[in-house]
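Text of final_30.tsv, listed as TSV, C-alpha atoms (C1' of nucleotides):
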chain	number	residue	atom	x	y	z
A	58	MET	CA	-3.19	-12.53	38.25
A	59	TRP	CA	0.19	-12.04	36.68
A	60	ILE	CA	1.23	-13.96	33.57
A	61	PRO	CA	4.92	-13.98	32.63
A	62	ILE	CA	4.99	-12.93	28.99
A	63	GLN	CA	8.04	-11.33	27.40
A	64	ILE	CA	7.46	-9.05	24.42
A	65	ASP	CA	10.28	-8.29	22.00
A	66	GLU	CA	9.44	-4.94	20.38
A	67	LYS	CA	12.19	-5.32	17.81
A	68	SER	CA	11.14	-8.75	16.65
A	69	ALA	CA	9.47	-9.15	13.29
A	70	GLU	CA	7.19	-11.69	14.94
A	71	PRO	CA	3.73	-10.15	15.32
A	72	LEU	CA	2.69	-9.08	18.79
A	73	TYR	CA	-0.31	-11.39	19.00
A	74	HIS	CA	1.87	-14.30	17.92
A	75	GLN	CA	4.48	-13.72	20.60
A	76	ILE	CA	1.78	-13.62	23.26
A	77	GLU	CA	-0.02	-16.62	21.84
A	78	THR	CA	3.07	-18.82	21.65
A	79	GLN	CA	4.14	-18.08	25.20
A	80	LEU	CA	0.68	-18.41	26.70
A	81	ARG	CA	0.12	-21.67	24.86
A	82	SER	CA	3.37	-22.99	26.20
A	83	LEU	CA	2.40	-22.07	29.76
A	84	ILE	CA	-0.84	-23.99	29.39
A	85	ILE	CA	0.56	-27.03	27.62
A	86	SER	CA	3.40	-27.34	30.10
A	87	GLY	CA	0.94	-27.23	32.99
A	88	ASN	CA	2.37	-24.02	34.45
A	89	LEU	CA	-1.17	-22.67	34.32
A	90	ALA	CA	-3.46	-25.16	35.98
A	91	GLU	CA	-6.89	-26.14	34.73
A	92	GLY	CA	-9.54	-23.69	35.82
A	93	THR	CA	-7.16	-20.78	36.29
A	94	LEU	CA	-8.92	-17.49	35.64
A	95	LEU	CA	-6.78	-15.45	33.29
A	96	PRO	CA	-6.55	-11.66	33.49
A	97	SER	CA	-9.39	-9.82	31.79
A	98	ILE	CA	-8.56	-8.66	28.30
A	99	ARG	CA	-8.38	-5.07	29.58
A	100	GLU	CA	-6.08	-5.85	32.46
A	101	PHE	CA	-3.84	-8.04	30.31
A	102	ALA	CA	-3.76	-5.39	27.58
A	103	GLY	CA	-2.63	-2.88	30.21
A	104	ASP	CA	0.17	-5.18	31.36
A	105	LEU	CA	1.32	-5.90	27.82
A	106	LYS	CA	0.83	-2.32	26.62
A	107	CYS	CA	-1.29	-3.38	23.69
A	108	SER	CA	-4.95	-3.09	22.77
A	109	VAL	CA	-7.67	-5.26	24.21
A	110	ILE	CA	-8.37	-6.51	20.70
A	111	THR	CA	-4.96	-8.09	20.49
A	112	VAL	CA	-5.42	-9.95	23.78
A	113	ARG	CA	-8.89	-10.90	22.69
A	114	ARG	CA	-7.51	-12.42	19.54
A	115	VAL	CA	-5.04	-14.49	21.51
A	116	TYR	CA	-7.78	-15.77	23.82
A	117	GLN	CA	-9.97	-16.53	20.85
A	118	ASP	CA	-7.26	-18.43	18.98
A	119	LEU	CA	-6.37	-20.51	22.02
A	120	GLU	CA	-10.04	-21.16	22.67
A	121	GLY	CA	-10.24	-22.44	19.11
A	122	GLU	CA	-7.45	-24.84	19.98
A	123	GLY	CA	-9.40	-26.00	23.00
A	124	LEU	CA	-6.90	-24.62	25.48
A	125	LEU	CA	-9.16	-21.89	26.93
A	126	ARG	CA	-12.82	-21.48	27.76
A	127	THR	CA	-14.53	-18.12	27.76
A	128	ARG	CA	-17.79	-16.89	29.28
A	129	GLN	CA	-18.95	-13.41	28.45
A	130	GLY	CA	-19.29	-11.30	31.55
A	131	THR	CA	-17.24	-13.72	33.65
A	132	GLY	CA	-13.84	-14.18	32.15
A	133	THR	CA	-11.50	-16.55	30.40
A	134	PHE	CA	-10.29	-19.76	32.02
A	135	VAL	CA	-7.71	-22.41	31.32
A	136	SER	CA	-9.76	-25.34	30.18
A	137	HIS	CA	-9.28	-28.95	31.06
A	138	VAL	CA	-6.70	-30.39	28.73
A	139	GLY	CA	-6.96	-34.12	29.13
A	140	ASP	CA	-3.71	-36.02	29.00
A	141	GLY	CA	-4.84	-37.51	25.73
A	142	ALA	CA	-5.65	-34.19	24.16
A	143	ARG	CA	-2.47	-32.63	25.49
A	144	GLU	CA	-0.38	-35.41	24.01
A	145	GLU	CA	-2.25	-35.18	20.75
A	146	TYR	CA	-1.66	-31.46	20.63
A	147	ARG	CA	2.03	-31.66	21.46
A	148	ARG	CA	2.53	-34.43	18.97
A	149	GLU	CA	0.73	-32.70	16.12
A	150	THR	CA	2.65	-29.48	16.67
A	151	VAL	CA	5.97	-31.25	16.39
A	152	ARG	CA	4.83	-33.60	13.66
A	153	LYS	CA	3.93	-30.71	11.39
A	154	ALA	CA	7.31	-29.09	11.84
A	155	LEU	CA	9.14	-32.36	11.32
A	156	GLU	CA	7.15	-33.14	8.19
A	157	ALA	CA	8.00	-29.74	6.78
A	158	ALA	CA	11.67	-30.43	7.47
A	159	VAL	CA	11.60	-33.84	5.83
A	160	ASP	CA	9.80	-32.33	2.85
A	161	ALA	CA	12.52	-29.72	2.63
A	162	GLY	CA	15.04	-32.54	2.56
A	163	LEU	CA	13.20	-34.36	-0.20
A	164	SER	CA	12.91	-31.16	-2.22
A	165	VAL	CA	16.70	-30.79	-2.43
A	166	HIS	CA	17.21	-34.52	-2.89
A	167	PHE	CA	18.65	-35.25	0.50
A	168	GLY	CA	19.27	-38.94	1.02
A	169	ARG	CA	17.82	-40.64	4.02
A	170	GLU	CA	21.15	-41.15	5.73
A	171	GLU	CA	22.18	-37.58	5.02
A	172	LEU	CA	18.98	-36.25	6.55
A	173	GLU	CA	19.23	-38.43	9.62
A	174	GLU	CA	22.80	-37.42	10.21
A	175	LEU	CA	21.99	-33.71	10.05
A	176	PHE	CA	19.05	-34.27	12.36
A	177	ARG	CA	21.23	-36.03	14.93
A	178	GLU	CA	23.71	-33.18	14.76
A	179	ILE	CA	21.06	-30.55	15.43
A	180	VAL	CA	19.45	-32.54	18.21
A	181	LYS	CA	22.80	-32.99	19.86
A	182	HIS	CA	23.41	-29.26	19.64
A	183	LYS	CA	20.01	-28.16	20.93
A	184	TYR	CA	19.42	-30.83	23.54
A	185	GLY	CA	22.97	-30.79	24.79
A	186	GLU	CA	25.92	-33.03	24.34
A	187	GLU	CA	25.03	-35.42	27.15
A	188	ASP	CA	24.78	-39.09	26.43
A	189	LYS	CA	21.23	-40.23	25.93
A	190	LYS	CA	21.69	-42.80	28.70
A	191	GLU	CA	20.87	-40.01	31.14
A	192	GLU	CA	17.18	-40.14	30.30
B	37	MET	CA	13.72	-22.91	-24.14
B	38	TRP	CA	10.98	-24.65	-22.26
B	39	ILE	CA	11.07	-24.93	-18.46
B	40	PRO	CA	8.72	-27.43	-16.81
B	41	ILE	CA	6.89	-25.43	-14.14
B	42	GLN	CA	3.48	-26.46	-12.83
B	43	ILE	CA	1.26	-23.71	-11.44
B	44	ASP	CA	-1.58	-24.54	-9.09
B	45	GLU	CA	-4.10	-21.74	-9.42
B	46	LYS	CA	-6.09	-22.93	-6.44
B	47	SER	CA	-3.13	-23.07	-4.09
B	48	ALA	CA	-2.76	-20.43	-1.40
B	49	GLU	CA	0.96	-20.44	-2.17
B	50	PRO	CA	1.84	-17.22	-4.00
B	51	LEU	CA	2.53	-17.46	-7.70
B	52	TYR	CA	6.08	-16.18	-7.51
B	53	HIS	CA	6.81	-18.67	-4.73
B	54	GLN	CA	5.59	-21.65	-6.70
B	55	ILE	CA	7.75	-20.66	-9.63
B	56	GLU	CA	10.74	-19.90	-7.45
B	57	THR	CA	10.63	-23.19	-5.57
B	58	GLN	CA	10.39	-25.28	-8.71
B	59	LEU	CA	13.01	-23.36	-10.64
B	60	ARG	CA	15.38	-23.52	-7.68
B	61	SER	CA	14.89	-27.25	-7.48
B	62	LEU	CA	15.68	-27.64	-11.18
B	63	ILE	CA	18.93	-25.75	-10.73
B	64	ILE	CA	20.03	-27.37	-7.49
B	65	SER	CA	19.29	-30.83	-8.81
B	66	GLY	CA	21.37	-30.15	-11.91
B	67	ASN	CA	18.44	-30.53	-14.31
B	68	LEU	CA	19.39	-27.10	-15.64
B	69	ALA	CA	23.08	-27.09	-16.47
B	70	GLU	CA	25.45	-24.26	-15.74
B	71	GLY	CA	25.35	-21.58	-18.41
B	72	THR	CA	21.85	-22.42	-19.58
B	73	LEU	CA	20.12	-19.34	-20.94
B	74	LEU	CA	16.70	-19.12	-19.37
B	75	PRO	CA	13.66	-17.78	-21.25
B	76	SER	CA	13.42	-13.98	-21.29
B	77	ILE	CA	11.13	-12.61	-18.63
B	78	ARG	CA	8.55	-11.78	-21.31
B	79	GLU	CA	8.63	-15.20	-22.92
B	80	PHE	CA	8.48	-16.95	-19.56
B	81	ALA	CA	5.66	-14.68	-18.40
B	82	GLY	CA	3.78	-15.64	-21.55
B	83	ASP	CA	4.24	-19.35	-20.84
B	84	LEU	CA	3.21	-19.01	-17.22
B	85	LYS	CA	0.39	-16.57	-17.94
B	86	CYS	CA	1.65	-14.05	-15.42
B	87	SER	CA	3.27	-10.63	-15.62
B	88	VAL	CA	6.90	-10.05	-16.47
B	89	ILE	CA	7.34	-8.49	-13.04
B	90	THR	CA	6.56	-11.76	-11.37
B	91	VAL	CA	9.13	-13.64	-13.43
B	92	ARG	CA	11.56	-10.82	-12.86
B	93	ARG	CA	11.12	-11.19	-9.13
B	94	VAL	CA	11.84	-14.89	-9.31
B	95	TYR	CA	15.01	-14.28	-11.33
B	96	GLN	CA	16.06	-11.55	-8.93
B	97	ASP	CA	15.51	-13.69	-5.85
B	98	LEU	CA	17.42	-16.64	-7.28
B	99	GLU	CA	20.19	-14.30	-8.40
B	100	GLY	CA	20.38	-13.11	-4.79
B	101	GLU	CA	20.89	-16.72	-3.78
B	102	GLY	CA	23.69	-17.02	-6.30
B	103	LEU	CA	21.84	-19.50	-8.49
B	104	LEU	CA	21.39	-17.20	-11.50
B	105	ARG	CA	23.39	-14.49	-13.26
B	106	THR	CA	21.74	-11.72	-15.19
B	107	ARG	CA	23.04	-9.28	-17.81
B	108	GLN	CA	20.79	-6.51	-18.97
B	109	GLY	CA	20.15	-6.70	-22.68
B	110	THR	CA	21.40	-10.27	-22.90
B	111	GLY	CA	19.45	-12.48	-20.59
B	112	THR	CA	19.50	-14.59	-17.46
B	113	PHE	CA	21.73	-17.63	-17.11
B	114	VAL	CA	22.12	-20.49	-14.70
B	115	SER	CA	25.28	-19.62	-12.87
B	116	HIS	CA	28.05	-21.92	-11.87
B	117	VAL	CA	27.09	-23.57	-8.65
B	118	GLY	CA	30.24	-25.19	-7.40
B	119	ASP	CA	29.78	-28.51	-5.70
B	120	GLY	CA	30.77	-26.83	-2.47
B	121	ALA	CA	28.25	-24.05	-2.80
B	122	ARG	CA	25.56	-26.45	-3.92
B	123	GLU	CA	26.15	-28.66	-0.92
B	124	GLU	CA	26.22	-25.63	1.37
B	125	TYR	CA	22.96	-24.43	-0.07
B	126	ARG	CA	21.22	-27.79	0.16
B	127	ARG	CA	22.47	-28.27	3.68
B	128	GLU	CA	21.41	-24.84	4.92
B	129	THR	CA	17.94	-25.22	3.45
B	130	VAL	CA	17.38	-28.45	5.30
B	131	ARG	CA	19.20	-27.34	8.43
B	132	LYS	CA	16.86	-24.37	8.87
B	133	ALA	CA	13.79	-26.55	8.57
B	134	LEU	CA	15.19	-29.16	10.94
B	135	GLU	CA	16.16	-26.53	13.49
B	136	ALA	CA	12.65	-25.10	13.38
B	137	ALA	CA	11.29	-28.59	14.00
B	138	VAL	CA	13.62	-29.27	16.93
B	139	ASP	CA	12.73	-25.86	18.37
B	140	ALA	CA	9.07	-26.79	18.05
B	141	GLY	CA	9.84	-29.93	20.01
B	142	LEU	CA	11.63	-28.03	22.73
B	143	SER	CA	8.78	-25.53	22.97
B	144	VAL	CA	6.29	-28.25	23.92
B	145	HIS	CA	8.83	-30.04	26.10
B	146	PHE	CA	9.39	-33.01	23.88
B	147	GLY	CA	12.05	-35.29	25.23
B	148	ARG	CA	14.97	-36.25	23.06
B	149	GLU	CA	13.87	-39.85	22.65
B	150	GLU	CA	10.32	-38.80	21.91
B	151	LEU	CA	11.48	-36.40	19.20
B	152	GLU	CA	13.81	-38.92	17.62
B	153	GLU	CA	11.12	-41.55	17.51
B	154	LEU	CA	8.64	-39.24	15.80
B	155	PHE	CA	11.31	-38.21	13.33
B	156	ARG	CA	12.09	-41.82	12.45
B	157	GLU	CA	8.39	-42.47	11.94
B	158	ILE	CA	8.01	-39.57	9.54
B	159	VAL	CA	11.16	-40.39	7.63
B	160	LYS	CA	10.01	-43.96	7.25
B	161	HIS	CA	6.69	-42.74	5.91
B	162	LYS	CA	8.08	-40.18	3.47
B	163	TYR	CA	11.15	-42.05	2.29
B	164	GLY	CA	9.37	-45.35	2.07
B	165	GLU	CA	9.25	-48.42	4.21
B	166	GLU	CA	12.34	-50.08	2.71
B	167	ASP	CA	15.12	-51.14	4.98
B	168	LYS	CA	17.98	-48.70	4.96
B	169	LYS	CA	20.33	-51.51	3.92
B	170	GLU	CA	19.19	-50.86	0.35
B	171	GLU	CA	21.19	-47.65	0.13
C	288	DC	C1'	22.28	3.53	-36.41
C	289	DT	C1'	18.08	1.28	-36.56
C	290	DT	C1'	15.68	-2.53	-34.92
C	291	DA	C1'	14.42	-6.01	-32.03
C	292	DC	C1'	15.43	-8.20	-28.60
C	293	DT	C1'	17.26	-8.31	-23.46
C	294	DG	C1'	16.60	-6.63	-18.24
C	295	DT	C1'	15.23	-2.36	-15.08
C	296	DA	C1'	12.71	1.27	-12.66
C	297	DT	C1'	8.56	3.68	-11.36
C	298	DA	C1'	4.08	4.08	-10.07
C	299	DT	C1'	-0.01	1.71	-8.84
C	300	DA	C1'	-3.65	-1.70	-7.54
C	301	DT	C1'	-5.35	-5.22	-4.56
C	302	DC	C1'	-5.43	-8.15	-0.79
C	303	DT	C1'	-4.24	-9.87	3.68
C	304	DA	C1'	-2.25	-9.51	8.29
C	305	DT	C1'	-1.86	-6.79	12.11
C	306	DA	C1'	-3.59	-3.61	15.31
C	307	DT	C1'	-6.72	-0.27	17.09
C	308	DA	C1'	-10.97	2.59	19.30
C	309	DA	C1'	-15.42	2.87	20.58
C	310	DA	C1'	-19.89	1.25	21.14
C	311	DC	C1'	-22.45	-2.99	22.46
C	312	DA	C1'	-23.94	-6.98	25.40
C	313	DG	C1'	-23.62	-10.47	29.09
C	314	DT	C1'	-22.74	-11.47	34.32
C	315	DA	C1'	-22.39	-10.95	39.15
C	316	DT	C1'	-23.21	-8.64	43.20
C	317	DA	C1'	-24.01	-4.91	46.54
D	294	DT	C1'	-31.84	-2.62	39.78
D	295	DA	C1'	-27.68	0.09	39.58
D	296	DT	C1'	-22.96	-0.52	38.81
D	297	DA	C1'	-18.81	-2.31	37.73
D	298	DC	C1'	-16.84	-5.62	36.06
D	299	DT	C1'	-16.57	-9.37	32.14
D	300	DG	C1'	-16.31	-10.54	26.77
D	301	DT	C1'	-18.16	-9.06	21.78
D	302	DT	C1'	-19.07	-6.57	17.63
D	303	DT	C1'	-18.32	-3.06	14.16
D	304	DA	C1'	-15.79	0.01	11.67
D	305	DT	C1'	-11.31	1.58	10.61
D	306	DA	C1'	-6.19	2.37	10.05
D	307	DT	C1'	-1.70	0.91	8.61
D	308	DA	C1'	1.85	-1.93	6.73
D	309	DG	C1'	3.45	-5.46	3.95
D	310	DA	C1'	2.92	-9.06	0.38
D	311	DT	C1'	1.51	-9.94	-4.13
D	312	DA	C1'	0.87	-8.66	-8.77
D	313	DT	C1'	0.48	-5.53	-12.56
D	314	DA	C1'	1.24	-1.97	-16.74
D	315	DT	C1'	4.09	1.19	-18.68
D	316	DA	C1'	7.98	3.68	-19.62
D	317	DC	C1'	13.12	3.35	-19.41
D	318	DA	C1'	17.87	1.50	-20.50
D	319	DG	C1'	21.38	-1.87	-22.04
D	320	DT	C1'	22.95	-5.26	-25.91
D	321	DA	C1'	23.60	-7.32	-30.26
D	322	DA	C1'	23.03	-7.83	-35.00
D	323	DG	C1'	21.40	-6.57	-39.63
Now that the file is in, can you turn its structure into structure tokens?
Amino acid sequence: MWIPIQIDEKSAEPLYHQIETQLRSLIISGNLAEGTLLPSIREFAGDLKCSVITVRRVYQDLEGEGLLRTRQGTGTFVSHVGDGAREEYRRETVRKALEAAVDAGLSVHFGREELEELFREIVKHKYGEEDKKEE
Amino acid sequence: MWIPIQIDEKSAEPLYHQIETQLRSLIISGNLAEGTLLPSIREFAGDLKCSVITVRRVYQDLEGEGLLRTRQGTGTFVSHVGDGAREEYRRETVRKALEAAVDAGLSVHFGREELEELFREIVKHKYGEEDKKEE
DNA sequence: CTTACTGTATATATCTATATAAACAGTATA
DNA sequence: TATACTGTTTATATAGATATATACAGTAAG
């Protein structure tokens, strides 16, 4: 089983975090179906050129989030993420980041209009210039 | 000179960071006027019950951001923050946080509408329920 | 020029995050 | 039940963040 993970050696972002973020995204997005048996920690560590402990940590963290299930001696599987749970997870991830951003705005006394305008500008830039009617 | 800084001993947020955030806010908001002589690092350390090194770090960081000026032997002053620079600073602070939030949205495949709706919800909650017409 | 205040530099202590190796324990199957 | 895979535990190493004391250096005023 091959999992497409890209490691940036030069990044300040910790190794385990790079792996975790990308693997989480693959699961959340449905690119890794429920029940998929992931590579063993040793095999994955070989692919990623890191220690088994680092892979283990990633599996453990994602298991803590309910995205993986692990059975000693058997392996680690993508667990069933119900639509409800998936939505909840996606929403909470984004909500936290948005709340931090709004708090940042409040902390430097950004007005509501000012904040909304900057938000629209960034969304336009990152989501593309297309008119929203396309959705 | 007395500077109103509240330290939360129990917080996981580092001491220097708590001080830095609050002092920065006082400067950006204009509560500390240009030219104001801040307490010496020893006096401030005494008030805050921390070491002079910690206060020194705060002064040094904020000097790096252009918010303070320091002269050895004399003291540390609130520097002139031109309206332009102040706006630039405020804007960049919030922009970074908003960009991180939008990136978080993209990473879990939030649609544009979905993201905007959640943003509006959070803004409404944090800025209050009042109709925007009040501004 | 001494004194009493400023900030500065150096050396160090402690804690946490990150990452590892090696020994241990469960599981499946030939 | 031997073996060849799984994950797990323990002990450790390293780097960076946080915080400190102490000695050093600049400034201003009596």
Closest pair table for chain B residues within 9 Å of chain C, all atoms listed in the file, as a tab-separated table:
residue	atom	partner	partner_atom	distance
B:Ser76	CA	C:DT293	C1'	7.2
B:Ile77	CA	C:DG294	C1'	8.1
B:Arg92	CA	C:DG294	C1'	8.5
B:Thr106	CA	C:DG294	C1'	7.9
B:Arg107	CA	C:DG294	C1'	7.0
B:Gln108	CA	C:DG294	C1'	4.3
B:Gly109	CA	C:DT293	C1'	3.4
B:Thr110	CA	C:DT293	C1'	4.6
B:Gly111	CA	C:DT293	C1'	5.5
B:Thr112	CA	C:DG294	C1'	8.5
Within 7 Å of chain B: residues of chain A, using all atoms listed in the file, as a list in words |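 Using all atoms listed in the file, chain A residues at most 7 Å from chain B: Ser82, Ile85, Ser86, Arg147, Val151, Ala154, Leu155, Glu156, Ala157, Ala158, Val159, Ala161, Gly162, Ser164, Val165, Phe176, Ile179 and Val180 of chain A.
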A:Ala142, A:Leu80, A:Leu72, A:Leu125: which is nearest Trp59 in chain A, counting all atoms listed in the file?
-> A:Leu80
After fit on chain A (all C-alpha, ordered pairs), chain B as a CSV table (one decimal) with C-alpha atoms, in the frame of the given file:
chain,number,residue,atom,x,y,z
B,37,MET,CA,-3.3,-12.6,38.3
B,38,TRP,CA,0.1,-12.1,36.7
B,39,ILE,CA,1.1,-14.0,33.6
B,40,PRO,CA,4.8,-14.0,32.7
B,41,ILE,CA,5.0,-12.9,29.1
B,42,GLN,CA,8.0,-11.3,27.5
B,43,ILE,CA,7.5,-9.0,24.6
B,44,ASP,CA,10.3,-8.2,22.2
B,45,GLU,CA,9.5,-4.9,20.6
B,46,LYS,CA,12.2,-5.2,18.0
B,47,SER,CA,11.2,-8.6,16.8
B,48,ALA,CA,9.6,-9.0,13.5
B,49,GLU,CA,7.3,-11.6,15.1
B,50,PRO,CA,3.8,-10.1,15.4
B,51,LEU,CA,2.7,-9.0,18.9
B,52,TYR,CA,-0.3,-11.3,19.1
B,53,HIS,CA,1.9,-14.2,18.0
B,54,GLN,CA,4.5,-13.7,20.7
B,55,ILE,CA,1.8,-13.6,23.3
B,56,GLU,CA,0.0,-16.6,21.9
B,57,THR,CA,3.1,-18.8,21.7
B,58,GLN,CA,4.1,-18.0,25.2
B,59,LEU,CA,0.7,-18.4,26.7
B,60,ARG,CA,0.2,-21.6,24.9
B,61,SER,CA,3.4,-23.0,26.2
B,62,LEU,CA,2.4,-22.1,29.8
B,63,ILE,CA,-0.9,-24.0,29.4
B,64,ILE,CA,0.6,-27.0,27.6
B,65,SER,CA,3.4,-27.3,30.1
B,66,GLY,CA,0.9,-27.2,33.0
B,67,ASN,CA,2.3,-24.0,34.4
B,68,LEU,CA,-1.2,-22.7,34.3
B,69,ALA,CA,-3.5,-25.2,36.0
B,70,GLU,CA,-6.9,-26.2,34.7
B,71,GLY,CA,-9.6,-23.7,35.7
B,72,THR,CA,-7.2,-20.8,36.2
B,73,LEU,CA,-9.0,-17.5,35.6
B,74,LEU,CA,-6.8,-15.5,33.3
B,75,PRO,CA,-6.6,-11.7,33.5
B,76,SER,CA,-9.5,-9.8,31.8
B,77,ILE,CA,-8.6,-8.7,28.3
B,78,ARG,CA,-8.4,-5.1,29.6
B,79,GLU,CA,-6.2,-5.9,32.5
B,80,PHE,CA,-3.9,-8.0,30.4
B,81,ALA,CA,-3.8,-5.4,27.6
B,82,GLY,CA,-2.7,-2.9,30.3
B,83,ASP,CA,0.1,-5.2,31.4
B,84,LEU,CA,1.3,-5.9,27.9
B,85,LYS,CA,0.8,-2.3,26.7
B,86,CYS,CA,-1.3,-3.3,23.8
B,87,SER,CA,-5.0,-3.1,22.8
B,88,VAL,CA,-7.7,-5.3,24.2
B,89,ILE,CA,-8.3,-6.5,20.7
B,90,THR,CA,-4.9,-8.0,20.5
B,91,VAL,CA,-5.4,-9.9,23.8
B,92,ARG,CA,-8.9,-10.9,22.7
B,93,ARG,CA,-7.5,-12.4,19.5
B,94,VAL,CA,-5.0,-14.4,21.5
B,95,TYR,CA,-7.8,-15.7,23.8
B,96,GLN,CA,-9.9,-16.5,20.8
B,97,ASP,CA,-7.2,-18.4,18.9
B,98,LEU,CA,-6.3,-20.5,22.0
B,99,GLU,CA,-10.0,-21.1,22.6
B,100,GLY,CA,-10.2,-22.4,19.0
B,101,GLU,CA,-7.4,-24.8,19.9
B,102,GLY,CA,-9.4,-26.0,22.9
B,103,LEU,CA,-6.9,-24.6,25.4
B,104,LEU,CA,-9.2,-21.9,26.8
B,105,ARG,CA,-12.8,-21.5,27.7
B,106,THR,CA,-14.5,-18.1,27.7
B,107,ARG,CA,-17.8,-16.9,29.1
B,108,GLN,CA,-19.0,-13.4,28.3
B,109,GLY,CA,-19.4,-11.3,31.4
B,110,THR,CA,-17.3,-13.7,33.5
B,111,GLY,CA,-13.9,-14.2,32.0
B,112,THR,CA,-11.6,-16.6,30.3
B,113,PHE,CA,-10.4,-19.8,31.9
B,114,VAL,CA,-7.8,-22.4,31.2
B,115,SER,CA,-9.8,-25.3,30.1
B,116,HIS,CA,-9.3,-28.9,31.0
B,117,VAL,CA,-6.7,-30.4,28.7
B,118,GLY,CA,-7.0,-34.1,29.1
B,119,ASP,CA,-3.7,-35.9,29.1
B,120,GLY,CA,-4.8,-37.4,25.8
B,121,ALA,CA,-5.6,-34.1,24.2
B,122,ARG,CA,-2.5,-32.6,25.5
B,123,GLU,CA,-0.3,-35.3,24.1
B,124,GLU,CA,-2.2,-35.1,20.8
B,125,TYR,CA,-1.6,-31.4,20.7
B,126,ARG,CA,2.0,-31.6,21.5
B,127,ARG,CA,2.5,-34.4,19.0
B,128,GLU,CA,0.8,-32.7,16.2
B,129,THR,CA,2.7,-29.4,16.7
B,130,VAL,CA,6.0,-31.2,16.4
B,131,ARG,CA,4.8,-33.6,13.7
B,132,LYS,CA,3.9,-30.7,11.4
B,133,ALA,CA,7.3,-29.1,11.9
B,134,LEU,CA,9.1,-32.4,11.3
B,135,GLU,CA,7.1,-33.2,8.2
B,136,ALA,CA,8.0,-29.8,6.8
B,137,ALA,CA,11.6,-30.5,7.5
B,138,VAL,CA,11.5,-33.9,5.9
B,139,ASP,CA,9.7,-32.4,2.9
B,140,ALA,CA,12.5,-29.8,2.6
B,141,GLY,CA,15.0,-32.7,2.5
B,142,LEU,CA,13.1,-34.5,-0.2
B,143,SER,CA,12.8,-31.3,-2.2
B,144,VAL,CA,16.6,-31.0,-2.5
B,145,HIS,CA,17.1,-34.7,-2.9
B,146,PHE,CA,18.6,-35.4,0.5
B,147,GLY,CA,19.2,-39.1,1.0
B,148,ARG,CA,17.7,-40.8,4.1
B,149,GLU,CA,21.1,-41.3,5.7
B,150,GLU,CA,22.1,-37.7,5.0
B,151,LEU,CA,18.9,-36.4,6.5
B,152,GLU,CA,19.2,-38.5,9.6
B,153,GLU,CA,22.8,-37.5,10.2
B,154,LEU,CA,21.9,-33.8,10.0
B,155,PHE,CA,19.0,-34.3,12.3
B,156,ARG,CA,21.2,-36.1,14.9
B,157,GLU,CA,23.7,-33.2,14.7
B,158,ILE,CA,21.1,-30.6,15.4
B,159,VAL,CA,19.5,-32.6,18.2
B,160,LYS,CA,22.8,-33.0,19.8
B,161,HIS,CA,23.5,-29.3,19.5
B,162,LYS,CA,20.1,-28.2,20.9
B,163,TYR,CA,19.5,-30.8,23.5
B,164,GLY,CA,23.1,-30.8,24.7
B,165,GLU,CA,26.0,-33.0,24.2
B,166,GLU,CA,25.2,-35.4,27.0
B,167,ASP,CA,25.0,-39.0,26.2
B,168,LYS,CA,21.5,-40.2,25.9
B,169,LYS,CA,22.1,-42.8,28.6
B,170,GLU,CA,21.4,-40.0,31.1
B,171,GLU,CA,17.7,-40.1,30.4
Can you check which residues of chain D have any atom within 12 Å of chain A? Use only C-alpha atoms (C1' of nucleotides) and format it as number ranges by chain.
-> D: 297-302, 309
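Of note, CA of Ile62 in chain A and CA of Phe134 in chain A are spaced 17.0 Å apart.
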Record the distance separating CA of Glu101 in chain B and C1' of DA314 in chain D, expressed in Å with one decimal.
->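 Answer for the CA of Glu101 in chain B to C1' of DA314 in chain D separation: 27.8 Å.
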Write out as a list in words each polymer residue whose atoms come within 7 Å of Leu103 in chain B, counting only C-alpha atoms (C1' of nucleotides); drop sequence neighbours fewer than 5 positions from it.
-> Leu98, Val114, Ser115 and Val117 of chain B
Using the selection just defined, write its residues with C-alpha atoms as a tab-separated table (two decimals), in the coordinates of the input.
chain	number	residue	atom	x	y	z
B	98	LEU	CA	17.42	-16.64	-7.28
B	114	VAL	CA	22.12	-20.49	-14.70
B	115	SER	CA	25.28	-19.62	-12.87
B	117	VAL	CA	27.09	-23.57	-8.65
